[in-house]
Amino acid sequence: MLPTIVREVDAVVMIDQRKLPAAEVYVRCTTAKEVARAIKTMVIRGAPAIGVAAAMGIALGMRKSTTTGTQKFAAEFYKVCELMAATRPTAVNLFWAIDRMKRAFGAAAAAGESVDQIKDRLDREAQAIHDEDVASCRAIGAFGAAVVPADARILTHCNAGALATAGYGTALGVIRGAVEAGRNVTVFADETRPFLQGARLTAWELVRDGIHTTVIADNMSGSLMRQGRVDLVVVGADRIAANGDTANKIGTYTVAVLAREHHIPFYVAAPLSTIDLSTPDGQHIPIEERSAREVTHAGGSQLVPDGAHVWNPAFDVTPNALIAGIITERGIFRPPYTESLAQAFEVEAARV
Ligand code: MRU
């Protein structure tokens, strides 16, 4: 399986997703600040992977701290958490992972642990977040395989694969799960302007796995659907609100509308850590806007004349009414989502 991110004793190492597929380069972050920068600049991206990176970055930052007193250590810890929280606003897994690290810290402090013991606990928590994410993705894949018909032609947008998670992927997890279940699957990967996660990353992962993949420019999906060449759409998510409205990579909404027009089921695959019951609906999801340069330039070449204005929202919101089901590690949730998601979390709370 692809090593998206690995913790070493004195570093967090990640594959540089900006360089793929042309080069397989690994970035070694030796400070929390470097990890935060890697998230911001999209060395690592994808909601669950961002959460794992933040958790590992916090653990690394605190491991390297030379502070001895617990009070000063606590002040440093909360500062590092703030640094991570300021990287990208939409993917809720980031804030979920930071909260988990804060809870681990709180439990350690309440138990009167020493600075060294707290450092160990933070390392273990970050690794647990990583390992649980891989397990969640595999469960998503196993549940999701059930909605994939025989000889399925699946369209996906952006990259919700091993690279976007700790491994295996969410939307690509469903595809991998279907392949493992013996289905014959062919994938259409939207190239996903402007950062090209579909063309560069999804295609790279799937080709490596030997899964038949066709890359299309974003504006081709409507025509493809009209020709009856898509059976199913599966995408990932950056934040799912309490009512099921889903923020994902810009262009996802367009795909969902097209899928509805052509009577193609549109599924979202995501772990529970992407569901944010404290956000009531899509209107309340903060949408990150990124630099104009991502739109005006590609691979160093200028595509847009100087003087033209640019709008570059990184995500859009797909209304719940367009979503056939939300595939999670605990099963597939169906509309009405306000009820099914709330119930899922009640069951989850009873498990722990
Ligand atoms: O801007 P990105 O590349 O971080 O956006 C990624 C996506 O939109 C993914 O679809 C989403 O995070 C789900 S990843 C399992």
# chains A, B, ... in the order shown; residues from 1 in each chain; ligands from 1

call {"tool": "select_by_dssp", "arguments": {"residues": "segment 45-293 of chain A", "states": "helix (DSSP H, G or I)", "output": "PyMOL selection string"}}
result
chain A and resi 47-63+70-85+92-110+115-147+162-164+171-180+197-208+218-226+252-261+272-274+282-284+293

call {"tool": "write_last_selection", "arguments": {"atoms": "C-alpha atoms", "output": "CSV table (one decimal), in the first residue's frame"}}
result
chain,number,residue,atom,x,y,z
A,47,ALA,CA,-9.2,15.6,4.4
A,48,PRO,CA,-8.2,12.5,6.4
A,49,ALA,CA,-4.5,12.8,5.4
A,50,ILE,CA,-4.5,16.5,6.6
A,51,GLY,CA,-5.9,15.3,10.0
A,52,VAL,CA,-3.2,12.7,10.3
A,53,ALA,CA,-0.5,15.2,9.3
A,54,ALA,CA,-1.7,17.7,11.9
A,55,ALA,CA,-1.7,15.1,14.6
A,56,MET,CA,1.8,13.8,13.7
A,57,GLY,CA,3.0,17.4,13.4
A,58,ILE,CA,1.7,18.2,16.9
A,59,ALA,CA,3.3,15.1,18.3
A,60,LEU,CA,6.6,15.9,16.6
A,61,GLY,CA,6.6,19.5,17.7
A,62,MET,CA,6.0,18.5,21.3
A,63,ARG,CA,8.6,15.7,21.1
A,70,THR,CA,4.3,21.0,32.5
A,71,GLN,CA,2.7,24.5,32.5
A,72,LYS,CA,5.1,25.9,29.9
A,73,PHE,CA,4.8,22.6,28.0
A,74,ALA,CA,1.0,23.0,27.9
A,75,ALA,CA,1.2,26.6,26.6
A,76,GLU,CA,3.5,25.4,23.9
A,77,PHE,CA,1.2,22.5,23.0
A,78,TYR,CA,-1.9,24.8,22.6
A,79,LYS,CA,0.2,27.2,20.4
A,80,VAL,CA,1.2,24.3,18.1
A,81,CYS,CA,-2.5,23.2,17.9
A,82,GLU,CA,-3.4,26.8,16.8
A,83,LEU,CA,-0.6,26.7,14.2
A,84,MET,CA,-2.2,23.5,12.7
A,85,ALA,CA,-5.7,24.8,12.9
A,92,VAL,CA,-13.1,19.1,9.3
A,93,ASN,CA,-10.8,16.1,9.9
A,94,LEU,CA,-8.1,18.6,10.7
A,95,PHE,CA,-10.1,20.1,13.6
A,96,TRP,CA,-11.3,16.6,14.6
A,97,ALA,CA,-7.7,15.4,14.8
A,98,ILE,CA,-6.5,18.5,16.8
A,99,ASP,CA,-9.4,17.9,19.2
A,100,ARG,CA,-8.3,14.3,19.7
A,101,MET,CA,-4.8,15.4,20.5
A,102,LYS,CA,-6.1,18.0,22.9
A,103,ARG,CA,-8.2,15.3,24.7
A,104,ALA,CA,-5.1,13.1,24.9
A,105,PHE,CA,-3.2,15.9,26.3
A,106,GLY,CA,-5.9,16.7,28.8
A,107,ALA,CA,-6.1,13.1,30.0
A,108,ALA,CA,-2.4,12.9,30.4
A,109,ALA,CA,-2.3,16.2,32.4
A,110,ALA,CA,-5.2,15.1,34.6
A,115,VAL,CA,6.4,15.9,30.2
A,116,ASP,CA,8.2,12.8,28.8
A,117,GLN,CA,5.1,10.7,29.5
A,118,ILE,CA,2.9,13.3,27.7
A,119,LYS,CA,5.2,13.2,24.7
A,120,ASP,CA,4.8,9.4,24.5
A,121,ARG,CA,1.0,9.7,24.8
A,122,LEU,CA,0.8,12.3,22.0
A,123,ASP,CA,3.0,10.0,19.8
A,124,ARG,CA,0.7,7.1,20.5
A,125,GLU,CA,-2.5,9.1,19.8
A,126,ALA,CA,-1.2,10.4,16.5
A,127,GLN,CA,-0.2,6.9,15.4
A,128,ALA,CA,-3.7,5.7,16.5
A,129,ILE,CA,-5.4,8.4,14.3
A,130,HIS,CA,-3.2,7.1,11.4
A,131,ASP,CA,-3.9,3.4,11.9
A,132,GLU,CA,-7.7,3.9,12.6
A,133,ASP,CA,-8.0,5.9,9.4
A,134,VAL,CA,-6.5,3.0,7.3
A,135,ALA,CA,-9.0,0.6,9.1
A,136,SER,CA,-11.9,3.0,8.4
A,137,CYS,CA,-11.0,3.2,4.7
A,138,ARG,CA,-10.9,-0.6,4.4
A,139,ALA,CA,-14.3,-0.8,6.1
A,140,ILE,CA,-15.7,1.9,3.8
A,141,GLY,CA,-14.4,-0.2,0.9
A,142,ALA,CA,-16.1,-3.3,2.1
A,143,PHE,CA,-19.5,-1.6,2.7
A,144,GLY,CA,-19.2,0.4,-0.5
A,145,ALA,CA,-18.6,-2.6,-2.7
A,146,ALA,CA,-22.3,-3.5,-2.2
A,147,VAL,CA,-23.4,-0.5,-4.3
A,162,ALA,CA,-4.7,6.4,-0.5
A,163,LEU,CA,-2.9,9.7,-1.0
A,164,ALA,CA,-5.8,11.6,0.6
A,171,ALA,CA,-14.0,6.9,-2.8
A,172,LEU,CA,-11.1,4.9,-4.2
A,173,GLY,CA,-11.5,2.6,-1.2
A,174,VAL,CA,-15.0,1.8,-2.6
A,175,ILE,CA,-13.4,1.1,-6.0
A,176,ARG,CA,-10.7,-1.0,-4.4
A,177,GLY,CA,-13.2,-2.8,-2.3
A,178,ALA,CA,-15.3,-3.6,-5.4
A,179,VAL,CA,-12.3,-4.9,-7.2
A,180,GLU,CA,-11.3,-7.1,-4.2
A,197,GLN,CA,-5.8,15.9,-8.3
A,198,GLY,CA,-7.8,13.6,-10.6
A,199,ALA,CA,-5.4,13.6,-13.5
A,200,ARG,CA,-2.2,13.5,-11.5
A,201,LEU,CA,-3.1,11.6,-8.3
A,202,THR,CA,-6.2,9.4,-8.9
A,203,ALA,CA,-4.9,8.2,-12.2
A,204,TRP,CA,-1.4,7.5,-10.7
A,205,GLU,CA,-2.8,5.4,-7.9
A,206,LEU,CA,-5.3,3.4,-10.0
A,207,VAL,CA,-2.9,2.7,-12.8
A,208,ARG,CA,-0.4,1.4,-10.2
A,218,ASP,CA,-13.9,18.2,-16.2
A,219,ASN,CA,-16.2,19.6,-18.9
A,220,MET,CA,-16.5,16.1,-20.5
A,221,SER,CA,-18.5,14.4,-17.7
A,222,GLY,CA,-21.9,15.6,-18.9
A,223,SER,CA,-21.4,14.2,-22.4
A,224,LEU,CA,-20.1,11.0,-21.0
A,225,MET,CA,-23.2,10.5,-18.8
A,226,ARG,CA,-25.5,11.4,-21.7
A,252,THR,CA,-18.3,18.0,-7.2
A,253,TYR,CA,-21.6,19.9,-7.1
A,254,THR,CA,-21.6,20.1,-11.0
A,255,VAL,CA,-21.1,16.3,-11.2
A,256,ALA,CA,-23.9,15.7,-8.7
A,257,VAL,CA,-26.3,17.8,-10.7
A,258,LEU,CA,-25.3,16.0,-13.9
A,259,ALA,CA,-25.7,12.6,-12.2
A,260,ARG,CA,-29.2,13.5,-11.1
A,261,GLU,CA,-30.2,14.7,-14.6
A,272,LEU,CA,-17.2,9.5,10.6
A,273,SER,CA,-14.4,12.0,11.3
A,274,THR,CA,-15.5,13.9,8.2
A,282,GLY,CA,-23.8,23.4,3.9
A,283,GLN,CA,-24.3,27.1,4.1
A,284,HIS,CA,-22.3,27.0,7.4
A,293,ARG,CA,-1.9,31.5,-9.3

call {"tool": "closest_atom_pairs", "arguments": {"of": "chain A", "to": "ligand 1", "cutoff": "8 Å", "atoms": "only C-alpha atoms and all ligand atoms", "output": "tab-separated table"}}
result
residue	atom	partner	partner_atom_place_in_ligand_line	distance
A:Met42	CA	ligand 1	4 (O)	7.0
A:Ile44	CA	ligand 1	4 (O)	7.7
A:Arg45	CA	ligand 1	4 (O)	4.0
A:Gly46	CA	ligand 1	12 (O)	3.5
A:Ala47	CA	ligand 1	12 (O)	3.8
A:Pro48	CA	ligand 1	15 (C)	5.9
A:Ala49	CA	ligand 1	14 (S)	7.4
A:Ile50	CA	ligand 1	4 (O)	7.6
A:Ala91	CA	ligand 1	12 (O)	6.5
A:His157	CA	ligand 1	10 (O)	7.0
A:Cys158	CA	ligand 1	10 (O)	5.3
A:Asn159	CA	ligand 1	10 (O)	5.4
A:Ala160	CA	ligand 1	15 (C)	3.7
A:Gly161	CA	ligand 1	15 (C)	5.9
A:Ala162	CA	ligand 1	15 (C)	7.8
A:Ala164	CA	ligand 1	14 (S)	4.6
A:Thr165	CA	ligand 1	15 (C)	5.6
A:Gly169	CA	ligand 1	15 (C)	5.8
A:Thr170	CA	ligand 1	15 (C)	5.1
A:Ala171	CA	ligand 1	15 (C)	6.8
A:Phe195	CA	ligand 1	3 (O)	7.5
A:Gln197	CA	ligand 1	3 (O)	6.3
A:Val235	CA	ligand 1	10 (O)	6.2
A:Gly236	CA	ligand 1	13 (C)	4.0
A:Ala237	CA	ligand 1	13 (C)	4.3
A:Asp238	CA	ligand 1	12 (O)	4.5
A:Ala247	CA	ligand 1	8 (O)	7.7
A:Asn248	CA	ligand 1	8 (O)	4.4
A:Lys249	CA	ligand 1	8 (O)	3.6
A:Ile250	CA	ligand 1	8 (O)	7.3
A:Ala269	CA	ligand 1	15 (C)	7.8
A:Ala270	CA	ligand 1	15 (C)	6.6
A:Ala314	CA	ligand 1	1 (O)	6.0
A:Phe315	CA	ligand 1	8 (O)	6.7

call {"tool": "residues_around", "arguments": {"residues": "Pro336 of chain A", "least_positions_apart": "4", "cutoff": "10 Å", "atoms": "only C-alpha atoms", "output": "list of chain:residue names"}}
result
A:Asn243, A:Gly244, A:Asn320, A:Ala321, A:Gly325, A:Ser340, A:Leu341

call {"tool": "select_by_dssp", "arguments": {"residues": "segment 179-216 of chain A", "states": "strand (DSSP E)", "output": "CSV table (one decimal) with N, CA and C atoms, in the first residue's frame"}}
result
chain,number,residue,atom,x,y,z
A,185,VAL,N,-14.3,-3.4,-12.8
A,185,VAL,CA,-14.5,-2.0,-12.6
A,185,VAL,C,-13.7,-1.2,-13.6
A,186,THR,N,-14.3,-0.2,-14.2
A,186,THR,CA,-13.5,0.8,-15.0
A,186,THR,C,-13.8,2.2,-14.4
A,187,VAL,N,-12.8,3.0,-14.3
A,187,VAL,CA,-13.0,4.3,-13.7
A,187,VAL,C,-12.8,5.4,-14.7
A,188,PHE,N,-13.6,6.4,-14.5
A,188,PHE,CA,-13.4,7.7,-15.2
A,188,PHE,C,-13.0,8.7,-14.1
A,189,ALA,N,-11.8,9.3,-14.3
A,189,ALA,CA,-11.3,10.2,-13.3
A,189,ALA,C,-11.3,11.6,-13.9
A,190,ASP,N,-12.2,12.5,-13.3
A,190,ASP,CA,-12.2,13.9,-13.7
A,190,ASP,C,-10.8,14.5,-13.5
A,212,HIS,N,-8.4,-0.2,-14.6
A,212,HIS,CA,-8.6,0.5,-15.8
A,212,HIS,C,-9.1,1.9,-15.6
A,213,THR,N,-8.3,2.9,-16.0
A,213,THR,CA,-8.7,4.3,-15.7
A,213,THR,C,-8.6,5.2,-17.0
A,214,THR,N,-9.7,6.0,-17.1
A,214,THR,CA,-9.7,6.9,-18.2
A,214,THR,C,-9.8,8.3,-17.6
A,215,VAL,N,-8.9,9.2,-18.0
A,215,VAL,CA,-8.9,10.6,-17.5
A,215,VAL,C,-9.7,11.4,-18.4
A,216,ILE,N,-10.6,12.2,-17.9
A,216,ILE,CA,-11.4,13.1,-18.8
A,216,ILE,C,-11.2,14.6,-18.2

call {"tool": "residues_around", "arguments": {"residues": "segment 20-28 of chain A", "least_positions_apart": "4", "cutoff": "8 Å", "atoms": "only C-alpha atoms", "output": "PyMOL selection string"}}
result
chain A and resi 11-16+43+200-201+204

call {"tool": "atom_distance", "arguments": {"atom1": "atom CA of Glu346 of chain A", "atom2": "atom CA of Phe333 of chain A"}}
result
13.6 Å

call {"tool": "residues_around", "arguments": {"residues": "segment 286-292 of chain A", "least_positions_apart": "6", "cutoff": "8 Å", "atoms": "only C-alpha atoms", "output": "list in words"}}
result
Arg88, Pro89, Thr90, Val310, Trp311, Asn312, Pro313, Ala314, Phe315 and Asp316 of chain A

call {"tool": "write_last_selection", "arguments": {"atoms": "N, CA, C and O atoms", "output": "mmCIF file, in the first residue's frame"}}
result
data_model
loop_
_atom_site.group_PDB
_atom_site.id
_atom_site.type_symbol
_atom_site.label_atom_id
_atom_site.label_comp_id
_atom_site.auth_asym_id
_atom_site.auth_seq_id
_atom_site.Cartn_x
_atom_site.Cartn_y
_atom_site.Cartn_z
ATOM 1 N N ARG A 88 -5.774 24.976 6.879
ATOM 2 C CA ARG A 88 -6.827 24.889 5.853
ATOM 3 C C ARG A 88 -8.183 24.822 6.567
ATOM 4 O O ARG A 88 -8.361 23.996 7.465
ATOM 5 N N PRO A 89 -9.149 25.620 6.154
ATOM 6 C CA PRO A 89 -10.377 25.742 6.953
ATOM 7 C C PRO A 89 -11.509 24.756 6.680
ATOM 8 O O PRO A 89 -12.390 24.589 7.514
ATOM 9 N N THR A 90 -11.514 24.083 5.536
ATOM 10 C CA THR A 90 -12.728 23.340 5.161
ATOM 11 C C THR A 90 -12.732 21.908 5.695
ATOM 12 O O THR A 90 -13.754 21.448 6.238
ATOM 13 N N VAL A 310 -9.577 36.521 -10.978
ATOM 14 C CA VAL A 310 -9.692 35.068 -10.801
ATOM 15 C C VAL A 310 -10.495 34.776 -9.543
ATOM 16 O O VAL A 310 -10.338 35.458 -8.529
ATOM 17 N N TRP A 311 -11.353 33.784 -9.610
ATOM 18 C CA TRP A 311 -12.062 33.275 -8.414
ATOM 19 C C TRP A 311 -11.619 31.844 -8.247
ATOM 20 O O TRP A 311 -11.745 31.052 -9.191
ATOM 21 N N ASN A 312 -11.106 31.482 -7.078
ATOM 22 C CA ASN A 312 -10.578 30.131 -6.898
ATOM 23 C C ASN A 312 -11.024 29.484 -5.587
ATOM 24 O O ASN A 312 -10.214 29.244 -4.685
ATOM 25 N N PRO A 313 -12.342 29.181 -5.477
ATOM 26 C CA PRO A 313 -12.775 28.451 -4.283
ATOM 27 C C PRO A 313 -12.308 26.997 -4.398
ATOM 28 O O PRO A 313 -12.440 26.386 -5.465
ATOM 29 N N ALA A 314 -11.761 26.445 -3.324
ATOM 30 C CA ALA A 314 -11.217 25.077 -3.407
ATOM 31 C C ALA A 314 -12.308 24.020 -3.307
ATOM 32 O O ALA A 314 -12.091 22.863 -3.685
ATOM 33 N N PHE A 315 -13.485 24.401 -2.787
ATOM 34 C CA PHE A 315 -14.543 23.414 -2.542
ATOM 35 C C PHE A 315 -15.900 23.973 -2.933
ATOM 36 O O PHE A 315 -16.072 25.187 -3.040
ATOM 37 N N ASP A 316 -16.854 23.076 -3.149
ATOM 38 C CA ASP A 316 -18.253 23.497 -3.254
ATOM 39 C C ASP A 316 -19.094 22.566 -2.397
ATOM 40 O O ASP A 316 -18.593 21.597 -1.836
#

call {"tool": "residues_around", "arguments": {"residues": "Tyr267 of chain A", "least_positions_apart": "2", "cutoff": "6 Å", "atoms": "only C-alpha atoms", "output": "MDAnalysis selection string"}}
result
chainID A and resid 234 323:325

call {"tool": "atom_distance", "arguments": {"atom1": "atom CA of Pro3 of chain A", "atom2": "atom CA of Thr30 of chain A"}}
result
17.8 Å

call {"tool": "atom_distance", "arguments": {"atom1": "atom CA of Ala342 of chain A", "atom2": "atom CA of Ala242 of chain A"}}
result
7.4 Å

call {"tool": "decode", "arguments": {"residues": "segment 212-236 of chain A", "atoms": "N, CA, C and O atoms", "output": "short mmCIF file (atom, residue, chain, number, x, y, z; two decimals), in the first residue's frame"}}
result
data_model
loop_
_atom_site.label_atom_id
_atom_site.label_comp_id
_atom_site.auth_asym_id
_atom_site.auth_seq_id
_atom_site.Cartn_x
_atom_site.Cartn_y
_atom_site.Cartn_z
N HIS A 212 -8.40 -0.21 -14.57
CA HIS A 212 -8.58 0.49 -15.84
C HIS A 212 -9.10 1.91 -15.58
O HIS A 212 -10.16 2.09 -14.98
N THR A 213 -8.34 2.90 -16.04
CA THR A 213 -8.68 4.29 -15.71
C THR A 213 -8.62 5.17 -16.96
O THR A 213 -7.65 5.12 -17.71
N THR A 214 -9.66 5.98 -17.12
CA THR A 214 -9.70 6.94 -18.23
C THR A 214 -9.81 8.33 -17.63
O THR A 214 -10.74 8.61 -16.86
N VAL A 215 -8.86 9.20 -17.96
CA VAL A 215 -8.92 10.57 -17.46
C VAL A 215 -9.71 11.42 -18.44
O VAL A 215 -9.52 11.33 -19.66
N ILE A 216 -10.63 12.21 -17.89
CA ILE A 216 -11.38 13.14 -18.75
C ILE A 216 -11.22 14.56 -18.19
O ILE A 216 -11.05 14.73 -16.98
N ALA A 217 -11.27 15.54 -19.07
CA ALA A 217 -11.30 16.93 -18.60
C ALA A 217 -12.65 17.14 -17.91
O ALA A 217 -13.63 16.46 -18.23
N ASP A 218 -12.69 18.07 -16.98
CA ASP A 218 -13.90 18.23 -16.16
C ASP A 218 -15.15 18.49 -17.00
O ASP A 218 -16.24 18.07 -16.63
N ASN A 219 -14.98 19.19 -18.10
CA ASN A 219 -16.16 19.56 -18.90
C ASN A 219 -16.66 18.43 -19.80
O ASN A 219 -17.54 18.62 -20.62
N MET A 220 -16.12 17.22 -19.63
CA MET A 220 -16.55 16.09 -20.48
C MET A 220 -17.55 15.17 -19.78
O MET A 220 -18.15 14.30 -20.41
N SER A 221 -17.71 15.34 -18.46
CA SER A 221 -18.51 14.35 -17.72
C SER A 221 -19.97 14.36 -18.16
O SER A 221 -20.61 13.29 -18.21
N GLY A 222 -20.52 15.52 -18.50
CA GLY A 222 -21.94 15.59 -18.93
C GLY A 222 -22.16 14.77 -20.18
O GLY A 222 -23.11 13.97 -20.28
N SER A 223 -21.29 14.95 -21.13
CA SER A 223 -21.41 14.24 -22.40
C SER A 223 -21.28 12.73 -22.19
O SER A 223 -22.02 11.93 -22.78
N LEU A 224 -20.34 12.37 -21.33
CA LEU A 224 -20.11 10.95 -21.02
C LEU A 224 -21.36 10.32 -20.41
O LEU A 224 -21.79 9.22 -20.80
N MET A 225 -21.97 11.04 -19.47
CA MET A 225 -23.19 10.53 -18.84
C MET A 225 -24.33 10.44 -19.84
O MET A 225 -25.09 9.47 -19.86
N ARG A 226 -24.44 11.43 -20.68
CA ARG A 226 -25.52 11.44 -21.68
C ARG A 226 -25.41 10.26 -22.65
O ARG A 226 -26.41 9.73 -23.12
N GLN A 227 -24.17 9.84 -22.88
CA GLN A 227 -23.96 8.68 -23.76
C GLN A 227 -24.19 7.35 -23.02
O GLN A 227 -23.96 6.28 -23.58
N GLY A 228 -24.60 7.42 -21.74
CA GLY A 228 -24.90 6.21 -20.97
C GLY A 228 -23.66 5.44 -20.57
O GLY A 228 -23.71 4.22 -20.39
N ARG A 229 -22.54 6.15 -20.37
CA ARG A 229 -21.28 5.45 -20.10
C ARG A 229 -20.83 5.52 -18.64
O ARG A 229 -19.70 5.17 -18.33
N VAL A 230 -21.72 6.00 -17.76
CA VAL A 230 -21.40 6.04 -16.32
C VAL A 230 -22.53 5.35 -15.55
O VAL A 230 -23.70 5.69 -15.72
N ASP A 231 -22.17 4.38 -14.67
CA ASP A 231 -23.18 3.68 -13.87
C ASP A 231 -23.32 4.25 -12.47
O ASP A 231 -24.35 4.09 -11.82
N LEU A 232 -22.23 4.88 -12.01
CA LEU A 232 -22.18 5.25 -10.59
C LEU A 232 -21.15 6.37 -10.42
O LEU A 232 -20.13 6.38 -11.11
N VAL A 233 -21.47 7.30 -9.51
CA VAL A 233 -20.47 8.31 -9.14
C VAL A 233 -20.13 8.11 -7.67
O VAL A 233 -21.03 7.94 -6.84
N VAL A 234 -18.85 8.11 -7.34
CA VAL A 234 -18.41 8.06 -5.93
C VAL A 234 -17.36 9.14 -5.74
O VAL A 234 -16.37 9.20 -6.49
N VAL A 235 -17.58 9.96 -4.72
CA VAL A 235 -16.60 11.01 -4.40
C VAL A 235 -16.30 10.98 -2.91
O VAL A 235 -17.03 10.35 -2.14
N GLY A 236 -15.28 11.71 -2.49
CA GLY A 236 -14.96 11.85 -1.07
C GLY A 236 -15.64 13.08 -0.51
O GLY A 236 -16.54 13.66 -1.15
#
